Every structure is written in structure tokens, then in C-alpha cells.
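Down below is the structure, laid out as C-alpha cells.
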Amino acid sequence: MSIASEILRIHDELKPFATQLIVVTKTRSIAELSETYATGIRDFGENRVQEMVEKQAQLPADIRWHQIGHLQTNKVKYIAPFVHLIHSVDSMKLLKEINAQAKKNNRTIDCLLQMFIAQEETKFGLDETELSGLLADPTFGELTHIRIVGLMGMASFTADQAQITREFQSLQATFQRLKADKFGEETGLVDWKELSMGMSGDYLLAAQHGSTLVRVGSAIFGERK
Ligand SMILES: *Cc1c(COP(=O)(O)O)cnc(C)c1O
């Protein structure tokens with residue numbers, strides 16, 4: 001199976017849904033990224049800052065780079081000049097640093113708030129109380145160089161489809177409620193339009209539950225080493 005045929009297959013599967021494919025290219029070679037680019041894909045996801053920066057320098061400038069993995073505050077400055085969307089914002093401290101670095105680069109950086117939906121201890125993310133607290137923080141309105149455009153979540157690492165379904169349903173419900181309430185939108189810094197959930201094993205399930213962005217790697221390239 002070629003990269004192109006896998007991407008075509010996934011595009012076909014996603015056709016009935018308003019769901020966009022982000023190709024997760026972490027650990028993949030420049031040759032594999034170039035091959036991906038040649039299929040027309042422009043949305044690339046990486047989880048490590050250094051790797052993203054190195055690849056960005058070697059590949060065409062019209063690629064939209066998505067930071068999907070946990071982001072340390074001290075690394076924001078390296079991706080701030082070019083990153084398209086940060087999926088993994090889970091604290092006010094991080095948001096403030098993204099704002100400061102965006103301002104330095106004379107741009108506004110779009111962010112998703114990462115929500116904790118899995119049963120595992122290891123996954124990062126906010127719960128609903130923390131999310132409300134963050135958006136209601138008096139200093140939030142001062143962050144004029146960021147924009148919150150939605151939510152991101154990772155389901156439990158399990159083969160139990162019923163459990164994954166419950167987790168996706170719960171995140172979809174949170175997203176729909178925030179959207180209906182226009183929660184935080186009075187600040188002018190929030191626009192509930194993107195829901196990033198679904199990976200190689202569960203992207204169709206995620207699309208069925210309202211995901212607008214799926215992050216898929218190994219279903220396209222094979223297992224990572
Ligand atoms: C690696 C990664 C993915 C893609 O995982 P696959 O199983 O290879 O599709 C998606 N989201 C995040 C946050 C990741 O780190």
C-alpha cells in the first residue's frame with residue numbers, strides 16, 4: 001500500500017462527514033513527508049517541537065503545521081513564527097506564553113483546549129471546571145494574540161469501542177454546549193468551530209461523533225518503530 005492510496009482511502013471514508021484529515025508525520029522521514037505533500041495534503045501534525053522545526057525548514061512554506069503533542073512553555077518560541085494550530089493547550093501559563101510569542105511574531109495563533117476524556121492517568125488535558133475557570137480568568141481577555149477555536153481530546157488506548165464511543169460522545173456534548181452557549185465568545189477571542197478527536201484506530205467513530213479534525217498517522221504510514 002502506498003501513502004497516496006491510503007490517504008485516498010481515508011479521504012473516501014471521511015467524505016460523508018465534515019471532517020478534515022491531518023496527516024500525523026511524527027518520526028517519518030522527509031521523503032515520506034514529501035510524498036504526502038505530493039498527494040495534495042497540506043495539514044501535517046507533529047508532536048515534538050524540535051522535529052517540527054527541522055522539518056518545517058526543509059519543506060514547502062504552504063504546509064499548515066499542527067502541534068498535536070504536549071507542549072512545554074519554554075519551547076513555544078520555536079514554533080510561534082509558523083505554527084498553524086496548537087491542539088494541546090491545557091493551562092493558562094501555556095496560553096500566556098503562546099500569546100507573548102505570537103505578539104513578538106506579529107501574529108495571532110489559533111489554539112484548541114485539550115480536554116481530558118480518557119480513563120488513563122497519563123493523558124494530559126483539562127476537565128470542564130478547569131476549562132470554565134480558564135476562560136473566566138480575568139486575564140484571559142488580555143490575550144489578544146491567541147484565538148481559542150475549539151477542543152481536542154484523546155480517547156483511552158483500548159480496543160473497547162463502546163468505551164471510546166462514550167468518551168467521544170462526552171467530548172462532543174461538551175463542545176456542542178459551549179458552542180450553543182457561545183461560551184467566552186464575548187471576549188472576541190473564542191470561536192467554537194473545531195473539534196479535534198480521532199486517530200488511526202478510531203477516526204471514523206470520531207467523524208460519526210462530530211469531529212472536524214482527525215489526526216491520523218500509522219493508518220497511512222504503517223506502525224511507528
Ligand atoms: C501520534 C499521535 C496521533 C496519531 O496516532 P496514530 O495512531 O499513528 O494515528 C494523533 N494524535 C496525537 C496527539 C498523537 O500524538
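Lettering and numbering for the C-alpha cells are positional, with chains as A, B, ... in the shown order, residues counted from 1 in each chain, and ligands counted from 1 in the shown order.
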
Got a sec: who's within 9 Å of range 69-85 of chain A, counting only C-alpha atoms, leaving out chain neighbours fewer than 4 positions off, as a PDB file with C-alpha atoms, in the first residue's frame?
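Below you can see selection38.pdb, which holds the result:
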```
ATOM      1  CA  ASP A  43      -2.102  19.723   7.037  1.00  0.00           C
ATOM      2  CA  GLY A  45       0.737  17.050  12.564  1.00  0.00           C
ATOM      3  CA  GLU A  46       3.847  16.708  14.717  1.00  0.00           C
ATOM      4  CA  ASN A  47       4.171  16.173  18.463  1.00  0.00           C
ATOM      5  CA  ARG A  48       7.783  17.181  19.117  1.00  0.00           C
ATOM      6  CA  VAL A  49       8.876  20.777  18.709  1.00  0.00           C
ATOM      7  CA  GLN A  50      12.412  20.143  17.528  1.00  0.00           C
ATOM      8  CA  MET A  52       8.624  20.048  13.605  1.00  0.00           C
ATOM      9  CA  VAL A  53      11.082  22.939  13.366  1.00  0.00           C
ATOM     10  CA  GLN A  56       9.382  22.905   8.524  1.00  0.00           C
ATOM     11  CA  ILE A  63       2.224  23.449   4.796  1.00  0.00           C
ATOM     12  CA  ARG A  64      -0.034  24.044   7.797  1.00  0.00           C
ATOM     13  CA  TRP A  65       1.811  22.651  10.818  1.00  0.00           C
ATOM     14  CA  VAL A  89      -3.294  23.809  25.271  1.00  0.00           C
ATOM     15  CA  ASP A  90      -4.013  22.711  28.820  1.00  0.00           C
ATOM     16  CA  LYS A  93       0.528  29.515  31.805  1.00  0.00           C
ATOM     17  CA  LEU A  94       0.957  27.932  28.378  1.00  0.00           C
ATOM     18  CA  LEU A  95      -1.703  30.143  26.824  1.00  0.00           C
ATOM     19  CA  GLU A  97       3.344  32.177  26.667  1.00  0.00           C
ATOM     20  CA  ILE A  98       1.730  31.409  23.295  1.00  0.00           C
ATOM     21  CA  ALA A 100       3.527  36.528  24.198  1.00  0.00           C
ATOM     22  CA  GLN A 101       5.371  34.682  21.441  1.00  0.00           C
ATOM     23  CA  ALA A 102       2.584  35.301  18.916  1.00  0.00           C
ATOM     24  CA  LYS A 104       6.549  39.007  19.155  1.00  0.00           C
ATOM     25  CA  ASN A 105       5.949  37.449  15.752  1.00  0.00           C
ATOM     26  CA  ASN A 106       3.182  39.871  14.921  1.00  0.00           C
ATOM     27  CA  ARG A 107       0.587  37.163  14.505  1.00  0.00           C
ATOM     28  CA  ILE A 109      -2.056  31.827  16.958  1.00  0.00           C
ATOM     29  CA  ASP A 110      -5.101  29.552  16.878  1.00  0.00           C
ATOM     30  CA  CYS A 111      -5.366  27.093  19.770  1.00  0.00           C
ATOM     31  CA  LEU A 112      -7.529  24.196  20.882  1.00  0.00           C
ATOM     32  CA  PHE A 124      -2.959  15.493  29.523  1.00  0.00           C
TER      33      PHE A 124
END
```

Legend entry - Contacts of Ile30 in chain A at 8 Å (only C-alpha atoms; same-chain gap of 3+ positions) as an NGL selection string: :A and (33-34 or 55 or 58-59)

What would the file look like if the residues just selected were written as a CSV table (one decimal), in the first residue's frame with C-alpha atoms?
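So again_32.csv came out as:
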```
chain,number,residue,atom,x,y,z
A,33,LEU,CA,6.6,13.9,4.1
A,34,SER,CA,7.4,15.0,0.5
A,55,LYS,CA,11.0,19.5,9.0
A,58,GLN,CA,13.1,21.7,4.7
A,59,LEU,CA,9.6,21.5,3.3
```

Wanna dump the chain A-ligand 1 contacts at 7 Å for me, each residue with its shortest atom pair and the distance in Å to one decimal, counting only C-alpha atoms and all ligand atoms, ordered by chain and number, as a Markdown table?
```
| residue | atom | partner | partner_atom_place_in_ligand_line | distance |
| --- | --- | --- | --- | --- |
| A:Val24 | CA | ligand 1 | 4 (C) | 5.5 |
| A:Lys26 | CA | ligand 1 | 1 (C) | 6.8 |
| A:Asn47 | CA | ligand 1 | 15 (O) | 5.6 |
| A:Ile68 | CA | ligand 1 | 13 (C) | 4.7 |
| A:Gly69 | CA | ligand 1 | 13 (C) | 4.8 |
| A:Met154 | CA | ligand 1 | 13 (C) | 6.9 |
| A:Met199 | CA | ligand 1 | 9 (O) | 4.3 |
| A:Ser200 | CA | ligand 1 | 9 (O) | 3.6 |
| A:Gly201 | CA | ligand 1 | 7 (O) | 6.3 |
| A:Arg215 | CA | ligand 1 | 10 (C) | 4.6 |
| A:Val216 | CA | ligand 1 | 9 (O) | 3.7 |
| A:Gly217 | CA | ligand 1 | 8 (O) | 3.6 |
| A:Ser218 | CA | ligand 1 | 8 (O) | 3.7 |
| A:Ala219 | CA | ligand 1 | 9 (O) | 6.0 |
```

Write the selection just made, keeping all heavy atoms, as an mmCIF file, in the first residue's frame?
```
data_model
loop_
_atom_site.group_PDB
_atom_site.id
_atom_site.type_symbol
_atom_site.label_atom_id
_atom_site.label_comp_id
_atom_site.auth_asym_id
_atom_site.auth_seq_id
_atom_site.Cartn_x
_atom_site.Cartn_y
_atom_site.Cartn_z
ATOM 1 N N VAL A 24 -0.500 12.800 10.444
ATOM 2 C CA VAL A 24 0.473 12.861 11.543
ATOM 3 C C VAL A 24 1.795 12.266 11.072
ATOM 4 O O VAL A 24 1.896 11.068 10.785
ATOM 5 C CB VAL A 24 -0.062 12.130 12.792
ATOM 6 C CG1 VAL A 24 1.013 12.077 13.880
ATOM 7 C CG2 VAL A 24 -1.313 12.840 13.311
ATOM 8 N N LYS A 26 4.914 12.549 12.604
ATOM 9 C CA LYS A 26 5.990 12.362 13.592
ATOM 10 C C LYS A 26 6.758 11.068 13.311
ATOM 11 O O LYS A 26 6.138 10.062 12.943
ATOM 12 C CB LYS A 26 5.417 12.354 15.012
ATOM 13 C CG LYS A 26 4.489 11.195 15.292
ATOM 14 C CD LYS A 26 3.786 11.378 16.636
ATOM 15 C CE LYS A 26 2.995 10.150 17.004
ATOM 16 N NZ LYS A 26 1.970 10.424 18.029
ATOM 17 N N ASN A 47 4.335 16.032 17.015
ATOM 18 C CA ASN A 47 4.171 16.173 18.463
ATOM 19 C C ASN A 47 5.426 16.646 19.178
ATOM 20 O O ASN A 47 5.380 16.965 20.351
ATOM 21 C CB ASN A 47 3.624 14.885 19.091
ATOM 22 C CG ASN A 47 4.642 13.766 19.092
ATOM 23 O OD1 ASN A 47 5.556 13.761 18.266
ATOM 24 N ND2 ASN A 47 4.492 12.832 20.005
ATOM 25 N N ILE A 68 0.407 18.767 17.879
ATOM 26 C CA ILE A 68 -0.631 17.916 18.463
ATOM 27 C C ILE A 68 -0.235 17.341 19.813
ATOM 28 O O ILE A 68 -1.081 16.876 20.553
ATOM 29 C CB ILE A 68 -1.019 16.761 17.496
ATOM 30 C CG1 ILE A 68 0.201 15.888 17.176
ATOM 31 C CG2 ILE A 68 -1.642 17.317 16.220
ATOM 32 C CD1 ILE A 68 -0.151 14.630 16.400
ATOM 33 N N GLY A 69 1.064 17.353 20.127
ATOM 34 C CA GLY A 69 1.512 16.739 21.374
ATOM 35 C C GLY A 69 1.662 17.757 22.479
ATOM 36 O O GLY A 69 1.588 18.964 22.245
ATOM 37 N N MET A 154 -8.197 13.015 23.426
ATOM 38 C CA MET A 154 -7.694 11.696 23.044
ATOM 39 C C MET A 154 -8.444 10.648 23.839
ATOM 40 O O MET A 154 -8.452 10.695 25.070
ATOM 41 C CB MET A 154 -6.197 11.586 23.342
ATOM 42 C CG MET A 154 -5.345 12.414 22.410
ATOM 43 S SD MET A 154 -3.611 12.374 22.899
ATOM 44 C CE MET A 154 -3.090 10.831 22.139
ATOM 45 N N MET A 199 -7.946 9.178 15.892
ATOM 46 C CA MET A 199 -6.622 8.819 15.392
ATOM 47 C C MET A 199 -6.781 7.593 14.497
ATOM 48 O O MET A 199 -7.883 7.275 14.082
ATOM 49 C CB MET A 199 -5.675 8.529 16.575
ATOM 50 C CG MET A 199 -5.697 9.649 17.589
ATOM 51 S SD MET A 199 -4.802 9.436 19.158
ATOM 52 C CE MET A 199 -3.512 8.290 18.839
ATOM 53 N N SER A 200 -5.679 6.900 14.226
ATOM 54 C CA SER A 200 -5.743 5.792 13.260
ATOM 55 C C SER A 200 -6.806 4.742 13.583
ATOM 56 O O SER A 200 -7.496 4.262 12.697
ATOM 57 C CB SER A 200 -4.379 5.104 13.154
ATOM 58 O OG SER A 200 -3.508 5.923 12.418
ATOM 59 N N GLY A 201 -6.930 4.404 14.857
ATOM 60 C CA GLY A 201 -7.832 3.318 15.223
ATOM 61 C C GLY A 201 -9.295 3.723 15.343
ATOM 62 O O GLY A 201 -10.181 2.862 15.397
ATOM 63 N N ARG A 215 -6.631 13.150 13.386
ATOM 64 C CA ARG A 215 -5.162 13.154 13.352
ATOM 65 C C ARG A 215 -4.696 11.722 13.096
ATOM 66 O O ARG A 215 -4.733 10.891 13.999
ATOM 67 C CB ARG A 215 -4.616 13.661 14.686
ATOM 68 C CG ARG A 215 -5.294 14.953 15.184
ATOM 69 C CD ARG A 215 -4.791 15.321 16.568
ATOM 70 N NE ARG A 215 -4.957 14.237 17.532
ATOM 71 C CZ ARG A 215 -6.011 14.078 18.335
ATOM 72 N NH1 ARG A 215 -6.995 14.951 18.342
ATOM 73 N NH2 ARG A 215 -6.077 13.058 19.154
ATOM 74 N N VAL A 216 -4.267 11.431 11.878
ATOM 75 C CA VAL A 216 -4.017 10.038 11.508
ATOM 76 C C VAL A 216 -2.587 9.847 11.011
ATOM 77 O O VAL A 216 -2.149 10.526 10.080
ATOM 78 C CB VAL A 216 -5.019 9.596 10.415
ATOM 79 C CG1 VAL A 216 -4.762 8.144 10.023
ATOM 80 C CG2 VAL A 216 -6.458 9.770 10.898
ATOM 81 N N GLY A 217 -1.877 8.917 11.639
ATOM 82 C CA GLY A 217 -0.509 8.623 11.242
ATOM 83 C C GLY A 217 -0.331 7.194 10.773
ATOM 84 O O GLY A 217 -0.191 6.911 9.586
ATOM 85 N N SER A 218 -0.365 6.246 11.712
ATOM 86 C CA SER A 218 0.018 4.871 11.378
ATOM 87 C C SER A 218 -0.914 4.197 10.374
ATOM 88 O O SER A 218 -0.478 3.284 9.657
ATOM 89 C CB SER A 218 0.183 4.026 12.645
ATOM 90 O OG SER A 218 -0.829 4.288 13.561
ATOM 91 N N ALA A 219 -2.150 4.624 10.264
ATOM 92 C CA ALA A 219 -3.037 4.042 9.246
ATOM 93 C C ALA A 219 -2.570 4.413 7.837
ATOM 94 O O ALA A 219 -2.974 3.782 6.866
ATOM 95 C CB ALA A 219 -4.483 4.511 9.464
#
```

Do you know which residues are at most 10 Å from Met115 in chain A counting only C-alpha atoms, after dropping those on the same chain fewer than 3 positions away, and could you put them as a PDB file with all heavy atoms, in the first residue's frame?
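around16.pdb was written with the following content:
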```
ATOM      1  N   SER A  88      -2.954  21.322  21.797  1.00  0.00           N
ATOM      2  CA  SER A  88      -2.712  20.732  23.111  1.00  0.00           C
ATOM      3  C   SER A  88      -2.555  21.758  24.232  1.00  0.00           C
ATOM      4  O   SER A  88      -1.708  21.605  25.088  1.00  0.00           O
ATOM      5  CB  SER A  88      -1.447  19.880  23.014  1.00  0.00           C
ATOM      6  OG  SER A  88      -0.412  20.636  22.376  1.00  0.00           O
ATOM      7  N   VAL A  89      -3.396  22.787  24.221  1.00  0.00           N
ATOM      8  CA  VAL A  89      -3.294  23.809  25.271  1.00  0.00           C
ATOM      9  C   VAL A  89      -4.061  23.343  26.504  1.00  0.00           C
ATOM     10  O   VAL A  89      -5.261  23.049  26.421  1.00  0.00           O
ATOM     11  CB  VAL A  89      -3.837  25.164  24.783  1.00  0.00           C
ATOM     12  CG1 VAL A  89      -3.832  26.176  25.916  1.00  0.00           C
ATOM     13  CG2 VAL A  89      -3.024  25.669  23.603  1.00  0.00           C
ATOM     14  N   ASP A  90      -3.348  23.239  27.632  1.00  0.00           N
ATOM     15  CA  ASP A  90      -4.013  22.711  28.820  1.00  0.00           C
ATOM     16  C   ASP A  90      -3.729  23.534  30.075  1.00  0.00           C
ATOM     17  O   ASP A  90      -3.964  23.066  31.185  1.00  0.00           O
ATOM     18  CB  ASP A  90      -3.650  21.235  29.038  1.00  0.00           C
ATOM     19  CG  ASP A  90      -2.153  21.055  29.245  1.00  0.00           C
ATOM     20  OD1 ASP A  90      -1.401  22.050  29.156  1.00  0.00           O
ATOM     21  OD2 ASP A  90      -1.734  19.915  29.498  1.00  0.00           O
ATOM     22  N   LEU A 112      -6.442  25.026  20.366  1.00  0.00           N
ATOM     23  CA  LEU A 112      -7.529  24.196  20.882  1.00  0.00           C
ATOM     24  C   LEU A 112      -7.232  23.925  22.348  1.00  0.00           C
ATOM     25  O   LEU A 112      -6.075  23.775  22.728  1.00  0.00           O
ATOM     26  CB  LEU A 112      -7.614  22.861  20.131  1.00  0.00           C
ATOM     27  CG  LEU A 112      -7.776  22.930  18.616  1.00  0.00           C
ATOM     28  CD1 LEU A 112      -7.796  21.522  18.018  1.00  0.00           C
ATOM     29  CD2 LEU A 112      -9.052  23.675  18.238  1.00  0.00           C
ATOM     30  N   ALA A 118     -10.062  10.500  28.653  1.00  0.00           N
ATOM     31  CA  ALA A 118      -9.718   9.088  28.772  1.00  0.00           C
ATOM     32  C   ALA A 118      -9.776   8.620  30.223  1.00  0.00           C
ATOM     33  O   ALA A 118      -9.889   9.405  31.146  1.00  0.00           O
ATOM     34  CB  ALA A 118      -8.324   8.850  28.209  1.00  0.00           C
ATOM     35  N   LYS A 123      -2.802  10.759  30.222  1.00  0.00           N
ATOM     36  CA  LYS A 123      -3.174  11.733  29.203  1.00  0.00           C
ATOM     37  C   LYS A 123      -3.334  13.121  29.802  1.00  0.00           C
ATOM     38  O   LYS A 123      -3.907  13.300  30.861  1.00  0.00           O
ATOM     39  CB  LYS A 123      -4.476  11.298  28.508  1.00  0.00           C
ATOM     40  CG  LYS A 123      -4.369   9.935  27.829  1.00  0.00           C
ATOM     41  CD  LYS A 123      -4.160  10.055  26.322  1.00  0.00           C
ATOM     42  CE  LYS A 123      -3.556   8.809  25.710  1.00  0.00           C
ATOM     43  NZ  LYS A 123      -4.508   7.716  25.559  1.00  0.00           N
ATOM     44  N   PHE A 124      -2.836  14.118  29.079  1.00  0.00           N
ATOM     45  CA  PHE A 124      -2.959  15.493  29.523  1.00  0.00           C
ATOM     46  C   PHE A 124      -4.359  16.013  29.237  1.00  0.00           C
ATOM     47  O   PHE A 124      -5.091  15.446  28.454  1.00  0.00           O
ATOM     48  CB  PHE A 124      -1.941  16.363  28.767  1.00  0.00           C
ATOM     49  CG  PHE A 124      -0.517  15.989  29.052  1.00  0.00           C
ATOM     50  CD1 PHE A 124       0.185  15.151  28.198  1.00  0.00           C
ATOM     51  CD2 PHE A 124       0.111  16.490  30.172  1.00  0.00           C
ATOM     52  CE1 PHE A 124       1.505  14.810  28.466  1.00  0.00           C
ATOM     53  CE2 PHE A 124       1.436  16.162  30.444  1.00  0.00           C
ATOM     54  CZ  PHE A 124       2.127  15.319  29.584  1.00  0.00           C
ATOM     55  N   GLY A 125      -4.710  17.112  29.856  1.00  0.00           N
ATOM     56  CA  GLY A 125      -5.969  17.752  29.492  1.00  0.00           C
ATOM     57  C   GLY A 125      -6.712  18.348  30.660  1.00  0.00           C
ATOM     58  O   GLY A 125      -6.424  18.052  31.823  1.00  0.00           O
ATOM     59  N   LEU A 126      -7.679  19.198  30.336  1.00  0.00           N
ATOM     60  CA  LEU A 126      -8.483  19.906  31.327  1.00  0.00           C
ATOM     61  C   LEU A 126      -9.780  19.158  31.570  1.00  0.00           C
ATOM     62  O   LEU A 126     -10.271  18.447  30.690  1.00  0.00           O
ATOM     63  CB  LEU A 126      -8.854  21.294  30.786  1.00  0.00           C
ATOM     64  CG  LEU A 126      -7.725  22.208  30.304  1.00  0.00           C
ATOM     65  CD1 LEU A 126      -8.304  23.331  29.438  1.00  0.00           C
ATOM     66  CD2 LEU A 126      -6.994  22.791  31.502  1.00  0.00           C
ATOM     67  N   ASP A 127     -10.363  19.344  32.759  1.00  0.00           N
ATOM     68  CA  ASP A 127     -11.746  18.914  32.929  1.00  0.00           C
ATOM     69  C   ASP A 127     -12.633  20.151  32.728  1.00  0.00           C
ATOM     70  O   ASP A 127     -12.133  21.248  32.500  1.00  0.00           O
ATOM     71  CB  ASP A 127     -11.968  18.225  34.280  1.00  0.00           C
ATOM     72  CG  ASP A 127     -11.696  19.137  35.458  1.00  0.00           C
ATOM     73  OD1 ASP A 127     -11.863  20.363  35.336  1.00  0.00           O
ATOM     74  OD2 ASP A 127     -11.317  18.623  36.530  1.00  0.00           O
ATOM     75  N   GLU A 128     -13.945  19.954  32.791  1.00  0.00           N
ATOM     76  CA  GLU A 128     -14.853  21.056  32.449  1.00  0.00           C
ATOM     77  C   GLU A 128     -14.736  22.237  33.404  1.00  0.00           C
ATOM     78  O   GLU A 128     -14.867  23.392  32.998  1.00  0.00           O
ATOM     79  CB  GLU A 128     -16.300  20.552  32.400  1.00  0.00           C
ATOM     80  CG  GLU A 128     -16.509  19.631  31.226  1.00  0.00           C
ATOM     81  CD  GLU A 128     -17.959  19.528  30.798  1.00  0.00           C
ATOM     82  OE1 GLU A 128     -18.730  20.488  31.058  1.00  0.00           O
ATOM     83  OE2 GLU A 128     -18.311  18.494  30.231  1.00  0.00           O
ATOM     84  N   GLU A 130     -12.024  23.156  34.996  1.00  0.00           N
ATOM     85  CA  GLU A 130     -10.791  23.871  34.647  1.00  0.00           C
ATOM     86  C   GLU A 130     -10.971  24.704  33.373  1.00  0.00           C
ATOM     87  O   GLU A 130     -10.463  25.826  33.271  1.00  0.00           O
ATOM     88  CB  GLU A 130      -9.638  22.875  34.474  1.00  0.00           C
ATOM     89  CG  GLU A 130      -9.221  22.231  35.794  1.00  0.00           C
ATOM     90  CD  GLU A 130      -8.332  21.006  35.617  1.00  0.00           C
ATOM     91  OE1 GLU A 130      -8.416  20.317  34.571  1.00  0.00           O
ATOM     92  OE2 GLU A 130      -7.565  20.720  36.552  1.00  0.00           O
ATOM     93  N   LEU A 131     -11.693  24.151  32.419  1.00  0.00           N
ATOM     94  CA  LEU A 131     -11.948  24.893  31.175  1.00  0.00           C
ATOM     95  C   LEU A 131     -12.736  26.173  31.460  1.00  0.00           C
ATOM     96  O   LEU A 131     -12.359  27.261  31.005  1.00  0.00           O
ATOM     97  CB  LEU A 131     -12.720  24.011  30.191  1.00  0.00           C
ATOM     98  CG  LEU A 131     -13.139  24.679  28.879  1.00  0.00           C
ATOM     99  CD1 LEU A 131     -12.926  23.744  27.705  1.00  0.00           C
ATOM    100  CD2 LEU A 131     -14.581  25.130  28.893  1.00  0.00           C
ATOM    101  N   LEU A 151     -11.909  22.444  20.716  1.00  0.00           N
ATOM    102  CA  LEU A 151     -11.444  21.479  21.715  1.00  0.00           C
ATOM    103  C   LEU A 151     -10.722  20.309  21.053  1.00  0.00           C
ATOM    104  O   LEU A 151     -10.993  19.966  19.903  1.00  0.00           O
ATOM    105  CB  LEU A 151     -12.631  20.903  22.503  1.00  0.00           C
ATOM    106  CG  LEU A 151     -13.524  21.859  23.291  1.00  0.00           C
ATOM    107  CD1 LEU A 151     -14.625  21.053  23.989  1.00  0.00           C
ATOM    108  CD2 LEU A 151     -12.723  22.670  24.301  1.00  0.00           C
ATOM    109  N   MET A 152      -9.841  19.692  21.812  1.00  0.00           N
ATOM    110  CA  MET A 152      -9.159  18.475  21.371  1.00  0.00           C
ATOM    111  C   MET A 152      -9.251  17.438  22.478  1.00  0.00           C
ATOM    112  O   MET A 152      -9.294  17.793  23.661  1.00  0.00           O
ATOM    113  CB  MET A 152      -7.698  18.797  21.069  1.00  0.00           C
ATOM    114  CG  MET A 152      -6.867  17.626  20.574  1.00  0.00           C
ATOM    115  SD  MET A 152      -6.032  16.718  21.885  1.00  0.00           S
ATOM    116  CE  MET A 152      -4.477  16.350  21.108  1.00  0.00           C
ATOM    117  N   GLY A 153      -9.308  16.178  22.101  1.00  0.00           N
ATOM    118  CA  GLY A 153      -9.299  15.122  23.105  1.00  0.00           C
ATOM    119  C   GLY A 153      -8.734  13.838  22.535  1.00  0.00           C
ATOM    120  O   GLY A 153      -8.759  13.609  21.324  1.00  0.00           O
ATOM    121  N   MET A 154      -8.197  13.015  23.426  1.00  0.00           N
ATOM    122  CA  MET A 154      -7.694  11.696  23.044  1.00  0.00           C
ATOM    123  C   MET A 154      -8.444  10.648  23.839  1.00  0.00           C
ATOM    124  O   MET A 154      -8.452  10.695  25.070  1.00  0.00           O
ATOM    125  CB  MET A 154      -6.197  11.586  23.342  1.00  0.00           C
ATOM    126  CG  MET A 154      -5.345  12.414  22.410  1.00  0.00           C
ATOM    127  SD  MET A 154      -3.611  12.374  22.899  1.00  0.00           S
ATOM    128  CE  MET A 154      -3.090  10.831  22.139  1.00  0.00           C
ATOM    129  N   LEU A 171     -17.146  14.291  24.862  1.00  0.00           N
ATOM    130  CA  LEU A 171     -16.454  15.488  24.356  1.00  0.00           C
ATOM    131  C   LEU A 171     -17.334  16.244  23.354  1.00  0.00           C
ATOM    132  O   LEU A 171     -17.391  17.478  23.367  1.00  0.00           O
ATOM    133  CB  LEU A 171     -15.119  15.100  23.712  1.00  0.00           C
ATOM    134  CG  LEU A 171     -14.221  16.268  23.301  1.00  0.00           C
ATOM    135  CD1 LEU A 171     -13.914  17.189  24.477  1.00  0.00           C
ATOM    136  CD2 LEU A 171     -12.918  15.765  22.687  1.00  0.00           C
ATOM    137  N   THR A 174     -19.834  18.292  25.329  1.00  0.00           N
ATOM    138  CA  THR A 174     -19.204  19.496  25.888  1.00  0.00           C
ATOM    139  C   THR A 174     -19.048  20.553  24.803  1.00  0.00           C
ATOM    140  O   THR A 174     -19.396  21.721  24.985  1.00  0.00           O
ATOM    141  CB  THR A 174     -17.811  19.153  26.466  1.00  0.00           C
ATOM    142  OG1 THR A 174     -17.957  18.131  27.442  1.00  0.00           O
ATOM    143  CG2 THR A 174     -17.154  20.371  27.099  1.00  0.00           C
TER     144      THR A 174
END
```

Legend entry - Straight-line distance linking CA of His11 in chain A with CA of Ser211 in chain A, stated in Å to one decimal: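 Computing the Euclidean distance for CA of His11 in chain A and CA of Ser211 in chain A yields 14.3 Å.
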
Inset, instruction - Rank A:Glu6, A:Ile117, A:Arg28, A:His87 by their smallest atom-to-atom distance to Leu213 in chain A, using only C-alpha atoms, and report the top residue only. - result: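 Residue with the minimum atom-to-atom distance to Leu213 in chain A: A:His87.
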
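DSSP, applied to the backbone of this structure, assigns strand (DSSP E) to the following residues of range 146-193 of chain A: A:Ile146, A:Arg147, A:Ile148, A:Val149, A:Gly150, A:Leu151, A:Met152, A:Gly153, A:Val190, A:Asp191, A:Trp192, A:Lys193.
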
Inset, instruction - For CA of Leu205 in chain A and CA of Phe116 in chain A, quote the distance in Å rounded to one decimal. - result: 18.0 Å

Inset, instruction - Name all residues at most 12 Å from Gln119 in chain A (count only C-alpha atoms; drop same-chain ones fewer than 6 positions away) and give them as an MDAnalysis selection string. - result: chainID A and resid 125 154:158 160 163:164 166:167

Legend entry - Residues near Phe221 in chain A, cut-off 10 Å, only C-alpha atoms, skip fewer than 6 positions along chain, as a list in words: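 With the cut-off at 10 Å, the set is Met1, Ser2, Ile3, Ala4, Glu6, Ile7, Val23, Val24, Thr25, Arg28, Glu32 and Thr36 of chain A.
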
Legend entry - Contact residues around Phe140 in chain A with only C-alpha atoms at 10 Å, ignoring same-chain residues under 2 positions, as a list in words: Met92, Leu95, Lys96, Gly133, Leu134, Leu135, Ala136, Asp137, Pro138, Glu142, Leu143, Thr144, Ile146, Gly184, Thr187 and Leu189 of chain A

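Straight-line separation from CA of Gly141 in chain A to CA of Gly188 in chain A: 8.2 Å.
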
Legend entry - Using only C-alpha atoms: which of A:Gln67, A:Ser132, A:Thr108, A:Gln169 has the shortest distance to Ser91 in chain A: A:Ser132

Legend entry - helix (DSSP H, G or I) per DSSP on the backbone: members of range 53-163 of chain A, as a VMD selection string: chain A and resid 53 to 58 73 to 79 92 to 104 128 to 136 140 to 142 161 to 163
